[in-house]
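Visitor: First the structure, then my questions, so here it is.
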Amino acid sequence: FWSVAYSQSFKSPPAQTEIKEALEKNDQDLARAKIQEYLDKDQNVPLNIAVTGECGVGKSAFVNAIRGIDNKDEKAAPTGCVETTMEVTSYPHPNYPKVTIWDLPGIGNVGYPAAKYLKTDEFKKFDFFLIISADRFKENDVKLAKEIQKMKKKFYFVRSKIDDNIRYEKRSQREFNEEKILTQIRENCIQGLQGQGLQSPQVFLVSSVDLTLYDFPLLVETLKEELPELQKEAFLLAMPNIRCRSSDC
């Protein structure tokens with residue numbers, strides 16, 4: 001059992017070395033203690049994820065989706081057809097409270113003009129940013145990305161409500177081809193961002209109704225590769241279902 005736990009759970013060199021040495025000495029108690037120590041450490045590493053973008057693009061629905069919470073749940077971020085997030089609001093993951101998803105007010109709305117959006121120390125605590133748009137990424141999204149770059153933080157563009165687009169195209173096109181439509185949307189977003197001066201933007205197509213569809217598994221895999229080791233473990237622990245279903249990415 002402990003050999004399996006060691007091989008499957010710990011990828012950081014210090015953890016591997018200490019647990020391996022205990023197993024080689026046949027010291028089951030020490031191996032068990034070391035495994036528990038690293039499990040506790042993983043679960044206590046804070047991870048702060050900022051979800052941002054313009055008003056009405058589905059930020060709050062996305063926050064609920066990645067926490068595995070229905071929009072009607074009493075712990076859910078409020079959603080609606082008008083702007084519902086008026087201040088920076090934290091939503092701890094229900095199973096891993098050290099993982100916090102932050103729902104940010106719509107960039108450019110009253111009280112949060114684009115020019116001042118990230119000009120506060122509060123934004124320095126975020127480990128990475130997910131910039132959401134339900135259509136083309138606009139000037140405010142690009143301004144936001146450039147400000148995040150200055151902070152030397154990671155950011156990823158998420159094109160939301162893809163299921164709505166697919167549904168509309170399916171009704172309106174005589175020869176419907178889902179993959180072709182997804183490619184067109186993705187390329188259109190990338191070209192638009194490049195046209196505004198961003199090099200090699202990463203764009204992920206997502207449906208908050210079902211995160212297993214489209215590019216969300218790929219987003220998880222990308223973060224898995226780019227996050228620091230302990231934050232990576234915290235992130236993957238917080239999304240066990242997506243991790244499981246994205247194994248073919």
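As shown in the structure tokens, the chain order sets the letters A, B, ...; within each chain, residues go from 1, and ligands are also counted from 1 in the order they appear.
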Fewer than 5 positions away in the same chain doesn't count, so skip those; otherwise give me all residues within 12 Å of region 186-192 of chain A, counting only C-alpha atoms, as a VMD selection string.

Guide: chain A and resid 132 to 139 141 to 142 156 to 160 162 179 to 181 197 to 206 214 to 215

Visitor: Just the alpha helix (DSSP H) stuff from region 86-201 of chain A, please, per backbone DSSP, written as a PDB file with N, CA and C atoms, in the first residue's frame.

Guide:
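Full text of states_34.pdb as output:
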```
ATOM      1  N   GLU A 139     -10.795  45.559 -25.418  1.00  0.00           N
ATOM      2  CA  GLU A 139      -9.685  46.410 -25.003  1.00  0.00           C
ATOM      3  C   GLU A 139      -9.427  46.305 -23.504  1.00  0.00           C
ATOM      4  N   ASN A 140     -10.480  46.279 -22.697  1.00  0.00           N
ATOM      5  CA  ASN A 140     -10.302  46.189 -21.248  1.00  0.00           C
ATOM      6  C   ASN A 140      -9.640  44.871 -20.838  1.00  0.00           C
ATOM      7  N   ASP A 141      -9.984  43.781 -21.530  1.00  0.00           N
ATOM      8  CA  ASP A 141      -9.364  42.493 -21.235  1.00  0.00           C
ATOM      9  C   ASP A 141      -7.858  42.543 -21.510  1.00  0.00           C
ATOM     10  N   VAL A 142      -7.489  43.180 -22.606  1.00  0.00           N
ATOM     11  CA  VAL A 142      -6.076  43.285 -22.975  1.00  0.00           C
ATOM     12  C   VAL A 142      -5.327  44.191 -21.995  1.00  0.00           C
ATOM     13  N   LYS A 143      -5.949  45.310 -21.617  1.00  0.00           N
ATOM     14  CA  LYS A 143      -5.333  46.193 -20.613  1.00  0.00           C
ATOM     15  C   LYS A 143      -5.082  45.430 -19.323  1.00  0.00           C
ATOM     16  N   LEU A 144      -6.067  44.639 -18.934  1.00  0.00           N
ATOM     17  CA  LEU A 144      -5.954  43.837 -17.714  1.00  0.00           C
ATOM     18  C   LEU A 144      -4.796  42.849 -17.830  1.00  0.00           C
ATOM     19  N   ALA A 145      -4.708  42.158 -18.958  1.00  0.00           N
ATOM     20  CA  ALA A 145      -3.636  41.178 -19.166  1.00  0.00           C
ATOM     21  C   ALA A 145      -2.258  41.843 -19.089  1.00  0.00           C
ATOM     22  N   LYS A 146      -2.141  43.027 -19.669  1.00  0.00           N
ATOM     23  CA  LYS A 146      -0.849  43.718 -19.658  1.00  0.00           C
ATOM     24  C   LYS A 146      -0.466  44.170 -18.256  1.00  0.00           C
ATOM     25  N   GLU A 147      -1.464  44.566 -17.454  1.00  0.00           N
ATOM     26  CA  GLU A 147      -1.188  44.926 -16.066  1.00  0.00           C
ATOM     27  C   GLU A 147      -0.745  43.698 -15.264  1.00  0.00           C
ATOM     28  N   ILE A 148      -1.376  42.565 -15.544  1.00  0.00           N
ATOM     29  CA  ILE A 148      -0.997  41.314 -14.857  1.00  0.00           C
ATOM     30  C   ILE A 148       0.432  40.925 -15.235  1.00  0.00           C
ATOM     31  N   GLN A 149       0.783  41.110 -16.503  1.00  0.00           N
ATOM     32  CA  GLN A 149       2.149  40.832 -16.954  1.00  0.00           C
ATOM     33  C   GLN A 149       3.165  41.652 -16.169  1.00  0.00           C
ATOM     34  N   LYS A 150       2.826  42.926 -15.917  1.00  0.00           N
ATOM     35  CA  LYS A 150       3.729  43.800 -15.158  1.00  0.00           C
ATOM     36  C   LYS A 150       3.944  43.266 -13.745  1.00  0.00           C
ATOM     37  N   ILE A 162     -19.703  28.679 -24.270  1.00  0.00           N
ATOM     38  CA  ILE A 162     -19.514  28.016 -25.552  1.00  0.00           C
ATOM     39  C   ILE A 162     -20.707  27.127 -25.892  1.00  0.00           C
ATOM     40  N   ASP A 163     -21.339  26.555 -24.875  1.00  0.00           N
ATOM     41  CA  ASP A 163     -22.514  25.709 -25.136  1.00  0.00           C
ATOM     42  C   ASP A 163     -23.634  26.519 -25.800  1.00  0.00           C
ATOM     43  N   ASP A 164     -23.774  27.807 -25.418  1.00  0.00           N
ATOM     44  CA  ASP A 164     -24.770  28.665 -26.065  1.00  0.00           C
ATOM     45  C   ASP A 164     -24.447  28.864 -27.546  1.00  0.00           C
ATOM     46  N   ASN A 165     -23.158  29.095 -27.842  1.00  0.00           N
ATOM     47  CA  ASN A 165     -22.739  29.270 -29.231  1.00  0.00           C
ATOM     48  C   ASN A 165     -22.997  28.019 -30.065  1.00  0.00           C
ATOM     49  N   ILE A 166     -22.677  26.872 -29.504  1.00  0.00           N
ATOM     50  CA  ILE A 166     -22.848  25.607 -30.224  1.00  0.00           C
ATOM     51  C   ILE A 166     -24.335  25.353 -30.487  1.00  0.00           C
ATOM     52  N   ARG A 167     -25.157  25.646 -29.485  1.00  0.00           N
ATOM     53  CA  ARG A 167     -26.596  25.453 -29.626  1.00  0.00           C
ATOM     54  C   ARG A 167     -27.159  26.340 -30.750  1.00  0.00           C
ATOM     55  N   TYR A 168     -26.724  27.584 -30.771  1.00  0.00           N
ATOM     56  CA  TYR A 168     -27.203  28.520 -31.798  1.00  0.00           C
ATOM     57  C   TYR A 168     -26.760  28.070 -33.189  1.00  0.00           C
ATOM     58  N   GLU A 169     -25.476  27.710 -33.315  1.00  0.00           N
ATOM     59  CA  GLU A 169     -24.952  27.305 -34.619  1.00  0.00           C
ATOM     60  C   GLU A 169     -25.629  26.025 -35.111  1.00  0.00           C
ATOM     61  N   LYS A 170     -25.946  25.138 -34.193  1.00  0.00           N
ATOM     62  CA  LYS A 170     -26.596  23.885 -34.572  1.00  0.00           C
ATOM     63  C   LYS A 170     -27.981  24.146 -35.160  1.00  0.00           C
ATOM     64  N   ARG A 171     -28.659  25.155 -34.616  1.00  0.00           N
ATOM     65  CA  ARG A 171     -29.998  25.497 -35.107  1.00  0.00           C
ATOM     66  C   ARG A 171     -29.943  26.248 -36.433  1.00  0.00           C
ATOM     67  N   SER A 172     -28.894  27.027 -36.632  1.00  0.00           N
ATOM     68  CA  SER A 172     -28.878  27.962 -37.762  1.00  0.00           C
ATOM     69  C   SER A 172     -28.094  27.471 -38.979  1.00  0.00           C
ATOM     70  N   GLU A 178     -19.266  20.769 -35.328  1.00  0.00           N
ATOM     71  CA  GLU A 178     -18.892  21.343 -34.030  1.00  0.00           C
ATOM     72  C   GLU A 178     -17.411  21.671 -33.939  1.00  0.00           C
ATOM     73  N   GLU A 179     -16.552  20.751 -34.373  1.00  0.00           N
ATOM     74  CA  GLU A 179     -15.110  20.983 -34.268  1.00  0.00           C
ATOM     75  C   GLU A 179     -14.682  22.197 -35.084  1.00  0.00           C
ATOM     76  N   LYS A 180     -15.282  22.343 -36.266  1.00  0.00           N
ATOM     77  CA  LYS A 180     -14.955  23.491 -37.111  1.00  0.00           C
ATOM     78  C   LYS A 180     -15.360  24.799 -36.436  1.00  0.00           C
ATOM     79  N   ILE A 181     -16.519  24.816 -35.797  1.00  0.00           N
ATOM     80  CA  ILE A 181     -16.997  26.018 -35.105  1.00  0.00           C
ATOM     81  C   ILE A 181     -16.092  26.353 -33.916  1.00  0.00           C
ATOM     82  N   LEU A 182     -15.716  25.333 -33.152  1.00  0.00           N
ATOM     83  CA  LEU A 182     -14.833  25.560 -32.005  1.00  0.00           C
ATOM     84  C   LEU A 182     -13.489  26.115 -32.456  1.00  0.00           C
ATOM     85  N   THR A 183     -12.957  25.577 -33.543  1.00  0.00           N
ATOM     86  CA  THR A 183     -11.684  26.068 -34.079  1.00  0.00           C
ATOM     87  C   THR A 183     -11.804  27.521 -34.523  1.00  0.00           C
ATOM     88  N   GLN A 184     -12.918  27.860 -35.177  1.00  0.00           N
ATOM     89  CA  GLN A 184     -13.133  29.227 -35.627  1.00  0.00           C
ATOM     90  C   GLN A 184     -13.208  30.194 -34.449  1.00  0.00           C
ATOM     91  N   ILE A 185     -13.935  29.812 -33.392  1.00  0.00           N
ATOM     92  CA  ILE A 185     -14.056  30.672 -32.206  1.00  0.00           C
ATOM     93  C   ILE A 185     -12.694  30.874 -31.558  1.00  0.00           C
ATOM     94  N   ARG A 186     -11.964  29.785 -31.391  1.00  0.00           N
ATOM     95  CA  ARG A 186     -10.645  29.854 -30.740  1.00  0.00           C
ATOM     96  C   ARG A 186      -9.684  30.725 -31.546  1.00  0.00           C
ATOM     97  N   GLU A 187      -9.632  30.498 -32.851  1.00  0.00           N
ATOM     98  CA  GLU A 187      -8.712  31.260 -33.698  1.00  0.00           C
ATOM     99  C   GLU A 187      -9.104  32.730 -33.756  1.00  0.00           C
ATOM    100  N   ASN A 188     -10.410  33.004 -33.761  1.00  0.00           N
ATOM    101  CA  ASN A 188     -10.875  34.382 -33.763  1.00  0.00           C
ATOM    102  C   ASN A 188     -10.443  35.115 -32.496  1.00  0.00           C
ATOM    103  N   CYS A 189     -10.554  34.443 -31.355  1.00  0.00           N
ATOM    104  CA  CYS A 189     -10.128  35.040 -30.083  1.00  0.00           C
ATOM    105  C   CYS A 189      -8.620  35.302 -30.083  1.00  0.00           C
ATOM    106  N   ILE A 190      -7.847  34.324 -30.528  1.00  0.00           N
ATOM    107  CA  ILE A 190      -6.383  34.447 -30.538  1.00  0.00           C
ATOM    108  C   ILE A 190      -5.955  35.574 -31.466  1.00  0.00           C
ATOM    109  N   GLN A 191      -6.524  35.618 -32.675  1.00  0.00           N
ATOM    110  CA  GLN A 191      -6.173  36.664 -33.630  1.00  0.00           C
ATOM    111  C   GLN A 191      -6.535  38.047 -33.104  1.00  0.00           C
ATOM    112  N   GLY A 192      -7.689  38.144 -32.426  1.00  0.00           N
ATOM    113  CA  GLY A 192      -8.104  39.422 -31.855  1.00  0.00           C
ATOM    114  C   GLY A 192      -7.148  39.911 -30.782  1.00  0.00           C
ATOM    115  N   LEU A 193      -6.694  39.003 -29.950  1.00  0.00           N
ATOM    116  CA  LEU A 193      -5.750  39.365 -28.885  1.00  0.00           C
ATOM    117  C   LEU A 193      -4.383  39.721 -29.456  1.00  0.00           C
ATOM    118  N   GLN A 194      -3.940  38.955 -30.440  1.00  0.00           N
ATOM    119  CA  GLN A 194      -2.660  39.264 -31.079  1.00  0.00           C
ATOM    120  C   GLN A 194      -2.712  40.617 -31.771  1.00  0.00           C
ATOM    121  N   GLY A 195      -3.864  40.930 -32.353  1.00  0.00           N
ATOM    122  CA  GLY A 195      -4.033  42.213 -33.020  1.00  0.00           C
ATOM    123  C   GLY A 195      -3.954  43.396 -32.065  1.00  0.00           C
TER     124      GLY A 195
END
```

Visitor: Would you please work out which residue, of A:Pro228, A:Pro217, A:Pro97, A:Pro78, is nearest to Asn64 (chain A) when using only C-alpha atoms?

Guide: A:Pro78

Visitor: Just want the 8 Å neighbourhood of Phe235 (chain A), counted on only C-alpha atoms, with same-chain residues fewer than 6 positions away dropped. Output as a ChimeraX atom specification.

Guide: /A:47,99,224

Visitor: Could you please take those selected residues and save N, CA, C and O atoms as a PDB file, in the first residue's frame?

Guide:
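New file out_24.pdb:
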```pdb
ATOM      1  N   LEU A  47      -3.834  28.644  -2.181  1.00  0.00           N
ATOM      2  CA  LEU A  47      -3.869  28.919  -3.613  1.00  0.00           C
ATOM      3  C   LEU A  47      -5.017  29.889  -3.849  1.00  0.00           C
ATOM      4  O   LEU A  47      -6.167  29.597  -3.516  1.00  0.00           O
ATOM      5  N   VAL A  99      -7.839  26.506  -0.817  1.00  0.00           N
ATOM      6  CA  VAL A  99      -7.982  26.917  -2.220  1.00  0.00           C
ATOM      7  C   VAL A  99      -9.157  27.885  -2.301  1.00  0.00           C
ATOM      8  O   VAL A  99     -10.294  27.517  -2.019  1.00  0.00           O
ATOM      9  N   LYS A 224      -1.541  22.457 -14.440  1.00  0.00           N
ATOM     10  CA  LYS A 224      -0.778  21.386 -13.800  1.00  0.00           C
ATOM     11  C   LYS A 224       0.700  21.481 -14.181  1.00  0.00           C
ATOM     12  O   LYS A 224       1.582  21.232 -13.364  1.00  0.00           O
TER      13      LYS A 224
END
```

Visitor: Using only C-alpha atoms for the distances, tell me which of A:Ala33, A:Val209, A:Cys55, A:Ala234 is nearest to Ile69 (chain A).

Guide: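 Of A:Ala33, A:Val209, A:Cys55, A:Ala234, the one nearest Ile69 (chain A) is A:Val209, counting only C-alpha atoms.
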
Visitor: Going by DSSP on the backbone, which residues of region 33-225 of chain A come out as strand (DSSP E or B)? List them as a PyMOL selection string.

Guide: chain A and resi 47-53+89-92+99-103+128-133+154-159+203-205

Visitor: Select, from A:Met239, A:Ala65, A:Ser60, A:Glu122, the residue with the minimum atom-to-atom distance to Asn95 (chain A), counting only C-alpha atoms.

Guide: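 With only C-alpha atoms as the atom set, the closest residue is A:Met239.
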
Visitor: Please compute the CA of Tyr96 (chain A)-CA of Ile66 (chain A) distance, one decimal, in Å.

Guide: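 CA of Tyr96 (chain A) sits 12.2 Å away from CA of Ile66 (chain A).
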
Visitor: Which residue out of A:Ala77, A:Val51, A:Met151, A:Leu30 has the minimum interatomic distance to Ile107 (chain A) when only C-alpha atoms are used?

Guide: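 Under the stated criterion, the closest residue is A:Val51.
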
Visitor: Quick one: distance from CA of Leu227 (chain A) to CA of Gln196 (chain A) in Å, one decimal?

Guide: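 Separation between CA of Leu227 (chain A) and CA of Gln196 (chain A): 26.6 Å.
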
Visitor: So how many Å separate CA of Thr79 (chain A) and CA of Gly53 (chain A), to one decimal?

Guide: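 Computing the Euclidean distance for CA of Thr79 (chain A) and CA of Gly53 (chain A) yields 14.6 Å.
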